[in-house]
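S.K.: I'm passing along start.txt; it holds compact mmCIF, C-alpha atoms.
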# COMPACT_ATOMS: atom_id res chain seq x y z
CA MET R 761 -4.88 -4.54 -23.66
CA LYS R 762 -1.39 -3.38 -22.78
CA VAL R 763 -0.56 -0.22 -20.87
CA SER R 764 1.07 1.11 -24.06
CA ASP R 765 -2.17 0.53 -26.03
CA LEU R 766 -4.06 2.59 -23.47
CA VAL R 767 -1.44 5.35 -23.62
CA ARG R 768 -1.89 5.50 -27.40
CA GLU R 769 -5.71 5.24 -27.40
CA LEU R 770 -6.24 7.99 -24.81
CA ASN R 771 -3.15 10.05 -25.56
CA LEU R 772 -1.90 9.72 -21.98
CA THR R 773 1.24 11.40 -20.67
CA VAL R 774 3.96 8.97 -19.57
CA PHE R 775 5.82 10.55 -16.64
CA CYS R 776 8.02 7.51 -15.95
CA GLY R 777 8.18 3.71 -15.93
CA GLU R 778 8.50 3.21 -19.70
CA ALA R 779 9.82 -0.30 -19.04
CA GLY R 780 6.45 -1.30 -17.60
CA LEU R 781 4.37 -0.15 -20.57
CA ASP R 782 4.37 -3.63 -22.07
CA ALA R 783 2.34 -5.04 -19.15
CA GLU R 784 -1.13 -6.39 -19.79
CA ILE R 785 -3.99 -4.56 -17.97
CA SER R 786 -6.29 -6.96 -16.13
CA GLY R 787 -8.77 -4.33 -14.90
CA GLY R 788 -8.91 -1.06 -13.06
CA TYR R 789 -9.84 0.67 -9.84
CA THR R 790 -10.62 4.33 -9.24
CA SER R 791 -10.10 5.70 -5.73
CA ASP R 792 -8.16 8.31 -3.79
CA LEU R 793 -8.24 6.46 -0.48
CA LEU R 794 -5.06 4.45 -0.13
CA SER R 795 -6.46 1.86 2.27
CA ASP R 796 -9.39 1.32 -0.05
CA VAL R 797 -6.99 0.80 -2.95
CA MET R 798 -4.90 -1.61 -0.87
CA GLY R 799 -8.06 -3.63 -0.31
CA HIS R 800 -9.41 -3.62 -3.84
CA ILE R 801 -6.63 -3.41 -6.37
CA ASP R 802 -4.95 -6.55 -7.62
CA GLU R 803 -1.98 -7.55 -9.73
CA GLY R 804 -2.02 -6.07 -13.24
CA MET R 805 -4.75 -3.54 -12.53
CA LEU R 806 -4.68 0.13 -13.48
CA TRP R 807 -5.15 2.54 -10.56
CA ILE R 808 -6.87 5.83 -11.40
CA THR R 809 -6.43 8.59 -8.82
CA MET R 810 -5.93 12.30 -8.17
CA GLN R 811 -3.24 11.59 -5.54
CA THR R 812 0.25 12.69 -6.58
CA HIS R 813 2.39 12.00 -3.47
CA GLN R 814 5.06 9.32 -3.23
CA ASN R 815 2.94 6.82 -1.32
CA ILE R 816 1.04 6.02 -4.53
CA VAL R 817 4.21 4.32 -5.78
CA ALA R 818 4.48 2.30 -2.57
CA VAL R 819 0.89 1.10 -2.88
CA ALA R 820 1.23 0.36 -6.62
CA THR R 821 4.45 -1.58 -6.05
CA LEU R 822 3.15 -3.58 -3.09
CA LYS R 823 0.06 -4.61 -5.03
CA ASP R 824 1.85 -5.08 -8.39
CA ALA R 825 -0.47 -2.64 -10.16
CA ALA R 826 0.16 -2.30 -13.92
CA ALA R 827 0.25 1.51 -13.77
CA VAL R 828 -1.05 4.58 -11.95
CA LEU R 829 -3.06 7.12 -13.92
CA ILE R 830 -3.17 10.62 -12.41
CA VAL R 831 -6.25 12.61 -13.44
CA ASN R 832 -7.29 16.27 -13.77
CA GLY R 833 -4.04 17.28 -15.49
CA ALA R 834 -2.00 16.89 -12.30
CA SER R 835 1.63 15.75 -12.28
CA PRO R 836 3.38 13.47 -9.79
CA ASP R 837 5.41 15.22 -7.07
CA GLU R 838 9.16 15.20 -7.59
CA GLU R 839 9.72 12.47 -4.96
CA THR R 840 6.91 10.46 -6.51
CA LEU R 841 8.62 10.64 -9.88
CA ASP R 842 11.97 9.59 -8.37
CA LYS R 843 10.35 6.61 -6.65
CA GLY R 844 8.39 5.70 -9.76
CA LYS R 845 11.60 5.61 -11.80
CA GLU R 846 13.37 3.60 -9.12
CA GLU R 847 10.58 1.01 -8.89
CA ASN R 848 9.76 1.11 -12.61
CA VAL R 849 6.08 1.85 -12.03
CA PRO R 850 4.47 3.56 -15.02
CA LEU R 851 3.01 6.88 -13.84
CA LEU R 852 0.59 8.23 -16.41
CA GLY R 853 -1.41 11.42 -16.71
CA THR R 854 -4.53 12.78 -18.34
CA PRO R 855 -6.32 16.15 -18.32
CA LEU R 856 -9.62 14.26 -18.04
CA SER R 857 -11.47 13.80 -14.74
CA ALA R 858 -11.52 10.46 -12.93
CA PHE R 859 -15.15 9.98 -13.99
CA GLU R 860 -14.52 10.58 -17.68
CA VAL R 861 -11.33 8.60 -18.02
CA THR R 862 -12.68 5.66 -16.00
CA GLY R 863 -15.66 5.48 -18.35
CA LYS R 864 -13.46 5.52 -21.43
CA ILE R 865 -11.07 2.90 -20.06
CA TYR R 866 -13.90 0.68 -18.93
CA ARG R 867 -15.30 0.69 -22.46
CA LEU R 868 -11.89 0.01 -24.03
CA LEU R 869 -11.26 -2.93 -21.68
CA GLN R 870 -14.72 -4.37 -22.44
CA GLN R 871 -13.97 -4.21 -26.18
CA ALA R 872 -10.49 -5.70 -25.87
CA MET G 1189 15.77 -14.51 9.74
CA GLN G 1190 15.32 -11.13 11.37
CA PHE G 1191 14.96 -7.66 9.95
CA ARG G 1192 14.66 -4.32 11.67
CA PHE G 1193 13.43 -1.03 10.23
CA GLU G 1194 13.08 2.42 11.74
CA LEU G 1195 10.04 4.65 11.32
CA GLU G 1196 9.78 8.36 11.95
CA GLY G 1197 6.59 10.22 12.80
CA GLY G 1198 5.45 12.41 9.91
CA ASN G 1199 8.01 11.01 7.47
CA PHE G 1200 5.82 9.45 4.81
CA SER G 1201 8.78 8.92 2.49
CA LYS G 1202 9.86 6.01 4.70
CA ALA G 1203 6.40 4.44 4.98
CA GLY G 1204 6.35 1.41 2.74
CA TYR G 1205 10.07 0.70 2.85
CA ALA G 1206 9.77 -2.15 5.37
CA SER G 1207 6.85 -3.71 3.50
CA SER G 1208 8.63 -3.57 0.14
CA GLN G 1209 11.79 -5.14 1.62
CA ILE G 1210 9.77 -7.89 3.31
CA LYS G 1211 7.92 -8.49 0.07
CA LYS G 1212 11.23 -9.11 -1.72
CA VAL G 1213 12.44 -11.53 0.98
CA LEU G 1214 9.17 -13.51 1.00
CA LYS G 1215 9.28 -13.71 -2.80
CA GLN G 1216 12.80 -15.13 -2.65
CA LEU G 1217 11.55 -17.70 -0.14
CA SER G 1218 8.82 -18.66 -2.64
CA VAL G 1219 6.01 -17.96 -0.22
CA ASP G 1220 2.53 -18.17 -1.82
CA PRO G 1221 2.05 -14.79 -3.60
CA ARG G 1222 -1.46 -14.44 -2.15
CA ILE G 1223 -0.06 -14.71 1.35
CA ILE G 1224 2.75 -12.25 0.52
CA LYS G 1225 0.15 -9.69 -0.63
CA ARG G 1226 -1.82 -10.03 2.58
CA VAL G 1227 1.27 -9.70 4.76
CA VAL G 1228 2.56 -6.62 2.97
CA VAL G 1229 -0.83 -4.89 2.98
CA ALA G 1230 -1.03 -5.37 6.75
CA LEU G 1231 2.56 -4.24 7.27
CA TYR G 1232 2.11 -1.18 5.05
CA GLU G 1233 -1.00 -0.13 6.97
CA ALA G 1234 0.89 -0.62 10.23
CA GLU G 1235 3.83 1.45 8.98
CA VAL G 1236 1.48 4.25 7.92
CA ASN G 1237 -0.16 4.17 11.36
CA VAL G 1238 3.18 4.76 13.06
CA VAL G 1239 4.14 7.54 10.64
CA ALA G 1240 0.70 9.18 10.85
CA HIS G 1241 0.23 9.00 14.62
CA ALA G 1242 3.41 8.25 16.54
CA TRP G 1243 6.69 10.08 17.08
CA ARG G 1244 8.96 7.19 16.16
CA GLY G 1245 8.86 3.45 15.95
CA THR G 1246 10.52 0.25 14.84
CA VAL G 1247 9.46 -2.72 12.76
CA LEU G 1248 10.88 -6.11 13.70
CA ALA G 1249 10.21 -8.91 11.25
CA ASP G 1250 10.98 -12.47 12.21
CA ILE G 1251 10.70 -14.97 9.39
CA GLU G 1252 10.72 -18.70 10.09
CA ALA G 1253 10.14 -21.65 7.77
CA ASP G 1254 6.39 -21.64 8.30
CA ARG G 1255 5.51 -18.15 9.50
CA ILE G 1256 6.29 -14.46 9.71
CA SER G 1257 5.80 -12.44 12.84
CA LEU G 1258 5.84 -8.67 12.71
CA LEU G 1259 6.32 -6.49 15.74
CA LEU G 1260 5.75 -2.74 15.53
CA GLN G 1261 6.65 -0.73 18.59
CA ASP G 1262 6.20 3.00 18.73
CA GLU G 1263 6.64 5.91 21.05
CA GLY G 1264 3.55 7.99 20.60
CA PRO G 1265 0.19 9.13 21.93
CA GLY G 1266 -1.13 5.57 22.29
CA ILE G 1267 -4.68 4.41 21.64
CA PRO G 1268 -7.15 5.20 24.47
CA ASP G 1269 -9.86 2.80 23.24
CA ILE G 1270 -8.59 -0.05 21.06
CA GLY G 1271 -12.10 -1.41 20.47
CA GLN G 1272 -13.17 1.92 19.02
CA ALA G 1273 -9.98 2.19 16.94
CA MET G 1274 -10.71 -1.24 15.41
CA GLN G 1275 -14.09 -0.04 14.09
CA GLU G 1276 -14.17 0.59 10.37
CA GLY G 1277 -14.45 4.32 9.71
CA PHE G 1278 -13.09 5.50 13.06
CA SER G 1279 -10.01 7.69 12.67
CA THR G 1280 -8.10 10.34 14.56
CA ALA G 1281 -5.83 11.24 11.63
CA SER G 1282 -4.98 14.88 11.01
CA ALA G 1283 -6.39 16.86 8.08
CA ALA G 1284 -2.99 16.75 6.36
CA VAL G 1285 -2.86 12.96 6.63
CA ARG G 1286 -6.44 12.66 5.32
CA GLU G 1287 -5.59 14.83 2.36
CA MET G 1288 -3.02 12.23 1.34
CA GLY G 1289 -5.77 9.64 1.16
CA PHE G 1290 -5.10 8.04 4.53
CA GLY G 1291 -7.18 8.34 7.68
CA ALA G 1292 -10.34 6.72 6.41
CA GLY G 1293 -10.47 4.48 9.45
CA MET G 1294 -9.61 1.44 7.39
CA GLY G 1295 -6.05 0.75 8.52
CA LEU G 1296 -6.55 -1.41 11.61
CA PRO G 1297 -9.52 -3.34 10.14
CA ASN G 1298 -7.42 -3.98 7.00
CA MET G 1299 -4.59 -5.29 9.17
CA LYS G 1300 -6.92 -7.63 11.03
CA LYS G 1301 -8.36 -8.94 7.77
CA ASN G 1302 -4.95 -9.69 6.30
CA VAL G 1303 -3.11 -11.54 9.07
CA ASP G 1304 -3.82 -14.71 11.03
CA GLU G 1305 -3.34 -13.11 14.45
CA LEU G 1306 -3.30 -9.45 15.47
CA THR G 1307 -2.73 -8.18 18.98
CA ILE G 1308 -2.50 -4.55 20.05
CA GLU G 1309 -1.32 -3.20 23.37
CA SER G 1310 -1.23 0.50 24.06
CA LYS G 1311 -0.48 2.96 26.82
CA VAL G 1312 -1.79 6.49 26.42
CA GLY G 1313 1.07 8.97 26.29
CA GLU G 1314 3.69 6.23 25.86
CA GLY G 1315 3.04 4.22 22.77
CA THR G 1316 1.63 1.19 21.05
CA VAL G 1317 2.81 -2.35 20.37
CA VAL G 1318 1.31 -4.21 17.43
CA ARG G 1319 1.99 -7.91 16.82
CA MET G 1320 0.95 -9.65 13.65
CA LEU G 1321 1.45 -13.30 12.86
CA THR G 1322 0.87 -15.06 9.56
CA TYR G 1323 1.43 -18.69 8.61
CA PHE G 1324 2.71 -19.45 5.13
CA SER G 1325 0.54 -22.49 4.67
CA ALA G 1326 -3.16 -22.69 5.51
CA ASN G 1327 -2.44 -26.15 6.99
CA ASP G 1328 -0.32 -24.68 9.78
CA ARG G 1329 -3.19 -22.73 11.31
Could you rewrite the structure in this file as C-alpha cells?

M.R.:
Amino acid sequence: MKVSDLVRELNLTVFCGEAGLDAEISGGYTSDLLSDVMGHIDEGMLWITMQTHQNIVAVATLKDAAAVLIVNGASPDEETLDKGKEENVPLLGTPLSAFEVTGKIYRLLQQA
Amino acid sequence: MQFRFELEGGNFSKAGYASSQIKKVLKQLSVDPRIIKRVVVALYEAEVNVVAHAWRGTVLADIEADRISLLLQDEGPGIPDIGQAMQEGFSTASAAVREMGFGAGMGLPNMKKNVDELTIESKVGEGTVVRMLTYFSANDR
C-alpha cells in the first residue's frame, strides 16, 4: 500500500511532502517518545504520533520513514512544516485518535 | 575527512542537523545503510542530549576509510553519576523537554547500543565529553 492509498482510504490531510506520497508503506509504529521511535521505526514505515514539533521531521528523515501521521486533529508547527517541505517528508493529519487510526491502518495493511 | 558542527543549549531547531549531514556523507561513501542508521541514531541522541542539558557544544566527526569517530564536547552541568545516567529510564530532563517526547531516559542507552565504542567523561559544573566510534565493516572490529 502506498502513502497516497492510505491518504485516500482514510481521508487524511496532507500538510506537505506530496512528492513522497508514492512511497510504499512497509509497516507502522505508534509512539510519542522520540527515542523509542528512533529505536523501533525502520525504512518505509509510517509513524503515528501526537507530536507536532520540528524534531519529528529530523527523526523521520534520519530513519527514512515513509510519512508521519499526526493524530487528534492537530497540525504541524510552522517550523515543522517548513522542515517537512525542505526534506520532502509527507506530514499527514487525521482527527482520529492514535488508537483508532492505528487500528484502521493495521487492518488496511493486513489486507493489502 | 573532518566535519564540525555547533550546538546551542535549548535550541532544538539545530538538533539533528549534524546527524543529517553525516548521513548524507556516509551515503555518498557507500557505507552499509544499516551501519549509517546506527551511527545517525547515536549521533542524533547525542545532539539532543547537548541541546536538552548543556549550554553549548560542538560535534566533531572524523571519517576515515574504515571508521567514523564522533566527539561531542559541551559546556554544561556535567553528569554527576555516569553509571546512573546510563541506566534505561533514568533522566534529568526538564518538563518542557519531556513534553517534546524526549527525556525518557533512553538516549544514552540508545547511543551505547548503536556504536561500537562509547566513552563518556564528565566534570560537574564544567561539561561532558562523549566519544563514539563505529567501524564500517564488521570485520574491522

S.K.: Wanna dump the chain G-chain R contacts at 10 Å for me, each residue with its shortest atom pair and the distance in Å to one decimal, counting all atoms listed in the file, ordered by chain and number, as a tab-separated table?

M.R.:
residue	atom	partner	partner_atom	distance
G:Phe1200	CA	R:Asn815	CA	7.3
G:Ser1201	CA	R:Gln814	CA	6.8
G:Lys1202	CA	R:Asn815	CA	9.2
G:Ala1203	CA	R:Asn815	CA	7.6
G:Gly1204	CA	R:Ala818	CA	5.7
G:Tyr1205	CA	R:Ala818	CA	7.9
G:Ser1207	CA	R:Leu822	CA	7.6
G:Ser1208	CA	R:Leu822	CA	6.4
G:Gln1209	CA	R:Leu822	CA	10.0
G:Lys1211	CA	R:Leu822	CA	7.5
G:Lys1212	CA	R:Leu822	CA	9.9
G:Ile1224	CA	R:Leu822	CA	9.4
G:Lys1225	CA	R:Lys823	CA	6.7
G:Arg1226	CA	R:Gly799	CA	9.4
G:Val1228	CA	R:Leu822	CA	6.8
G:Val1229	CA	R:Met798	CA	6.5
G:Ala1230	CA	R:Met798	CA	9.3
G:Tyr1232	CA	R:Val819	CA	8.3
G:Glu1233	CA	R:Ser795	CA	7.5
G:Val1236	CA	R:Asn815	CA	9.7
G:Arg1286	CA	R:Leu793	CA	8.7
G:Glu1287	CA	R:Gln811	CA	8.9
G:Met1288	CA	R:Gln811	CA	6.9
G:Gly1289	CA	R:Leu793	CA	4.3
G:Phe1290	CA	R:Leu794	CA	5.9
G:Gly1291	CA	R:Leu793	CA	8.4
G:Ala1292	CA	R:Leu793	CA	7.2
G:Gly1293	CA	R:Ser795	CA	8.6
G:Met1294	CA	R:Ser795	CA	6.0
G:Gly1295	CA	R:Ser795	CA	6.4
G:Leu1296	CA	R:Ser795	CA	9.9
G:Pro1297	CA	R:Ser795	CA	9.9
G:Asn1298	CA	R:Gly799	CA	7.3
G:Lys1301	CA	R:Gly799	CA	9.7
G:Asn1302	CA	R:Gly799	CA	9.5

S.K.: For R:Asp782, list every protein, DNA or RNA residue within 9 Å, evaluated using only C-alpha atoms, and leave out those in the same chain fewer than 3 positions away; present the list as a ChimeraX atom specification.

M.R.: /R:762-765,778-779

S.K.: Do you know which residues are at most 7 Å from R:Thr809 counting all atoms listed in the file, after dropping those on the same chain fewer than 5 positions away, and could you put them as an NGL selection string?

M.R.: :R and (790-792 or 829-831 or 858)

S.K.: Quick check, in Å to one decimal: how far apart do atom CA of R:Asp842 and atom CA of R:Ile801 lie?

M.R.: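 Computed distance, atom CA of R:Asp842 to atom CA of R:Ile801, equals 22.8 Å.
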
S.K.: Suppose you want the space between atom CA of G:Glu1314 and atom CA of G:Asp1262; what is it in Å?

M.R.: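 Rounded to one decimal, the two atoms are 8.2 Å apart.
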
S.K.: Complete the atom set of stretch 1216-1227 of chain G to all heavy atoms and return it as an mmCIF file, in the frame of the given file.

M.R.:
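Output below, filename result06.cif:
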data_model
loop_
_atom_site.group_PDB
_atom_site.id
_atom_site.type_symbol
_atom_site.label_atom_id
_atom_site.label_comp_id
_atom_site.auth_asym_id
_atom_site.auth_seq_id
_atom_site.Cartn_x
_atom_site.Cartn_y
_atom_site.Cartn_z
ATOM 1 N N GLN G 1216 11.616 -14.272 -2.509
ATOM 2 C CA GLN G 1216 12.800 -15.130 -2.650
ATOM 3 C C GLN G 1216 12.596 -16.470 -1.945
ATOM 4 O O GLN G 1216 13.142 -17.484 -2.371
ATOM 5 C CB GLN G 1216 14.034 -14.432 -2.072
ATOM 6 C CG GLN G 1216 14.608 -13.403 -3.032
ATOM 7 C CD GLN G 1216 15.572 -12.441 -2.353
ATOM 8 O OE1 GLN G 1216 15.850 -12.575 -1.171
ATOM 9 N NE2 GLN G 1216 16.077 -11.482 -3.105
ATOM 10 N N LEU G 1217 11.810 -16.464 -0.877
ATOM 11 C CA LEU G 1217 11.550 -17.700 -0.140
ATOM 12 C C LEU G 1217 10.402 -18.500 -0.766
ATOM 13 O O LEU G 1217 10.001 -19.527 -0.231
ATOM 14 C CB LEU G 1217 11.209 -17.378 1.322
ATOM 15 C CG LEU G 1217 12.324 -16.736 2.154
ATOM 16 C CD1 LEU G 1217 11.807 -16.306 3.513
ATOM 17 C CD2 LEU G 1217 13.483 -17.712 2.331
ATOM 18 N N SER G 1218 9.903 -17.998 -1.912
ATOM 19 C CA SER G 1218 8.820 -18.660 -2.640
ATOM 20 C C SER G 1218 7.566 -18.888 -1.809
ATOM 21 O O SER G 1218 6.887 -19.904 -1.924
ATOM 22 C CB SER G 1218 9.274 -20.019 -3.206
ATOM 23 O OG SER G 1218 10.401 -19.849 -3.993
ATOM 24 N N VAL G 1219 7.261 -17.926 -0.969
ATOM 25 C CA VAL G 1219 6.010 -17.960 -0.220
ATOM 26 C C VAL G 1219 4.862 -17.711 -1.210
ATOM 27 O O VAL G 1219 5.038 -16.978 -2.190
ATOM 28 C CB VAL G 1219 6.017 -16.890 0.898
ATOM 29 C CG1 VAL G 1219 4.676 -16.757 1.586
ATOM 30 C CG2 VAL G 1219 7.116 -17.207 1.908
ATOM 31 N N ASP G 1220 3.731 -18.344 -0.992
ATOM 32 C CA ASP G 1220 2.530 -18.170 -1.820
ATOM 33 C C ASP G 1220 2.272 -16.665 -2.045
ATOM 34 O O ASP G 1220 2.106 -15.919 -1.073
ATOM 35 C CB ASP G 1220 1.347 -18.811 -1.078
ATOM 36 C CG ASP G 1220 0.046 -18.736 -1.865
ATOM 37 O OD1 ASP G 1220 -0.057 -17.903 -2.796
ATOM 38 O OD2 ASP G 1220 -0.871 -19.509 -1.537
ATOM 39 N N PRO G 1221 2.228 -16.227 -3.315
ATOM 40 C CA PRO G 1221 2.050 -14.790 -3.600
ATOM 41 C C PRO G 1221 0.809 -14.187 -2.946
ATOM 42 O O PRO G 1221 0.815 -13.014 -2.571
ATOM 43 C CB PRO G 1221 1.924 -14.723 -5.123
ATOM 44 C CG PRO G 1221 2.466 -16.006 -5.636
ATOM 45 C CD PRO G 1221 2.380 -17.026 -4.538
ATOM 46 N N ARG G 1222 -0.244 -14.983 -2.781
ATOM 47 C CA ARG G 1222 -1.460 -14.440 -2.150
ATOM 48 C C ARG G 1222 -1.205 -14.110 -0.686
ATOM 49 O O ARG G 1222 -1.708 -13.126 -0.158
ATOM 50 C CB ARG G 1222 -2.604 -15.469 -2.251
ATOM 51 C CG ARG G 1222 -3.179 -15.583 -3.664
ATOM 52 C CD ARG G 1222 -4.043 -16.796 -3.791
ATOM 53 N NE ARG G 1222 -3.260 -18.012 -3.524
ATOM 54 C CZ ARG G 1222 -3.746 -19.254 -3.530
ATOM 55 N NH1 ARG G 1222 -5.013 -19.465 -3.778
ATOM 56 N NH2 ARG G 1222 -2.961 -20.293 -3.299
ATOM 57 N N ILE G 1223 -0.392 -14.965 -0.059
ATOM 58 C CA ILE G 1223 -0.060 -14.710 1.350
ATOM 59 C C ILE G 1223 0.889 -13.510 1.459
ATOM 60 O O ILE G 1223 0.727 -12.665 2.335
ATOM 61 C CB ILE G 1223 0.513 -15.985 2.010
ATOM 62 C CG1 ILE G 1223 -0.610 -17.017 2.092
ATOM 63 C CG2 ILE G 1223 1.107 -15.685 3.389
ATOM 64 C CD1 ILE G 1223 -0.229 -18.345 2.659
ATOM 65 N N ILE G 1224 1.828 -13.407 0.521
ATOM 66 C CA ILE G 1224 2.750 -12.250 0.520
ATOM 67 C C ILE G 1224 1.942 -10.957 0.451
ATOM 68 O O ILE G 1224 2.163 -10.018 1.207
ATOM 69 C CB ILE G 1224 3.731 -12.300 -0.670
ATOM 70 C CG1 ILE G 1224 4.631 -13.536 -0.571
ATOM 71 C CG2 ILE G 1224 4.583 -11.027 -0.719
ATOM 72 C CD1 ILE G 1224 5.636 -13.675 -1.695
ATOM 73 N N LYS G 1225 0.963 -10.900 -0.459
ATOM 74 C CA LYS G 1225 0.150 -9.690 -0.630
ATOM 75 C C LYS G 1225 -0.539 -9.316 0.655
ATOM 76 O O LYS G 1225 -0.577 -8.151 1.043
ATOM 77 C CB LYS G 1225 -0.904 -9.911 -1.725
ATOM 78 C CG LYS G 1225 -0.281 -10.013 -3.099
ATOM 79 C CD LYS G 1225 -0.857 -8.968 -4.052
ATOM 80 C CE LYS G 1225 -0.015 -8.934 -5.312
ATOM 81 N NZ LYS G 1225 -0.214 -10.084 -6.174
ATOM 82 N N ARG G 1226 -1.091 -10.316 1.343
ATOM 83 C CA ARG G 1226 -1.820 -10.030 2.580
ATOM 84 C C ARG G 1226 -0.864 -9.498 3.650
ATOM 85 O O ARG G 1226 -1.176 -8.528 4.343
ATOM 86 C CB ARG G 1226 -2.534 -11.292 3.067
ATOM 87 C CG ARG G 1226 -3.552 -11.799 2.046
ATOM 88 C CD ARG G 1226 -4.332 -12.979 2.569
ATOM 89 N NE ARG G 1226 -5.034 -12.607 3.785
ATOM 90 C CZ ARG G 1226 -5.400 -13.467 4.718
ATOM 91 N NH1 ARG G 1226 -5.121 -14.738 4.599
ATOM 92 N NH2 ARG G 1226 -6.043 -13.050 5.787
ATOM 93 N N VAL G 1227 0.301 -10.129 3.753
ATOM 94 C CA VAL G 1227 1.270 -9.700 4.760
ATOM 95 C C VAL G 1227 1.723 -8.264 4.503
ATOM 96 O O VAL G 1227 1.771 -7.441 5.418
ATOM 97 C CB VAL G 1227 2.503 -10.651 4.787
ATOM 98 C CG1 VAL G 1227 3.631 -10.062 5.619
ATOM 99 C CG2 VAL G 1227 2.120 -12.026 5.306
#
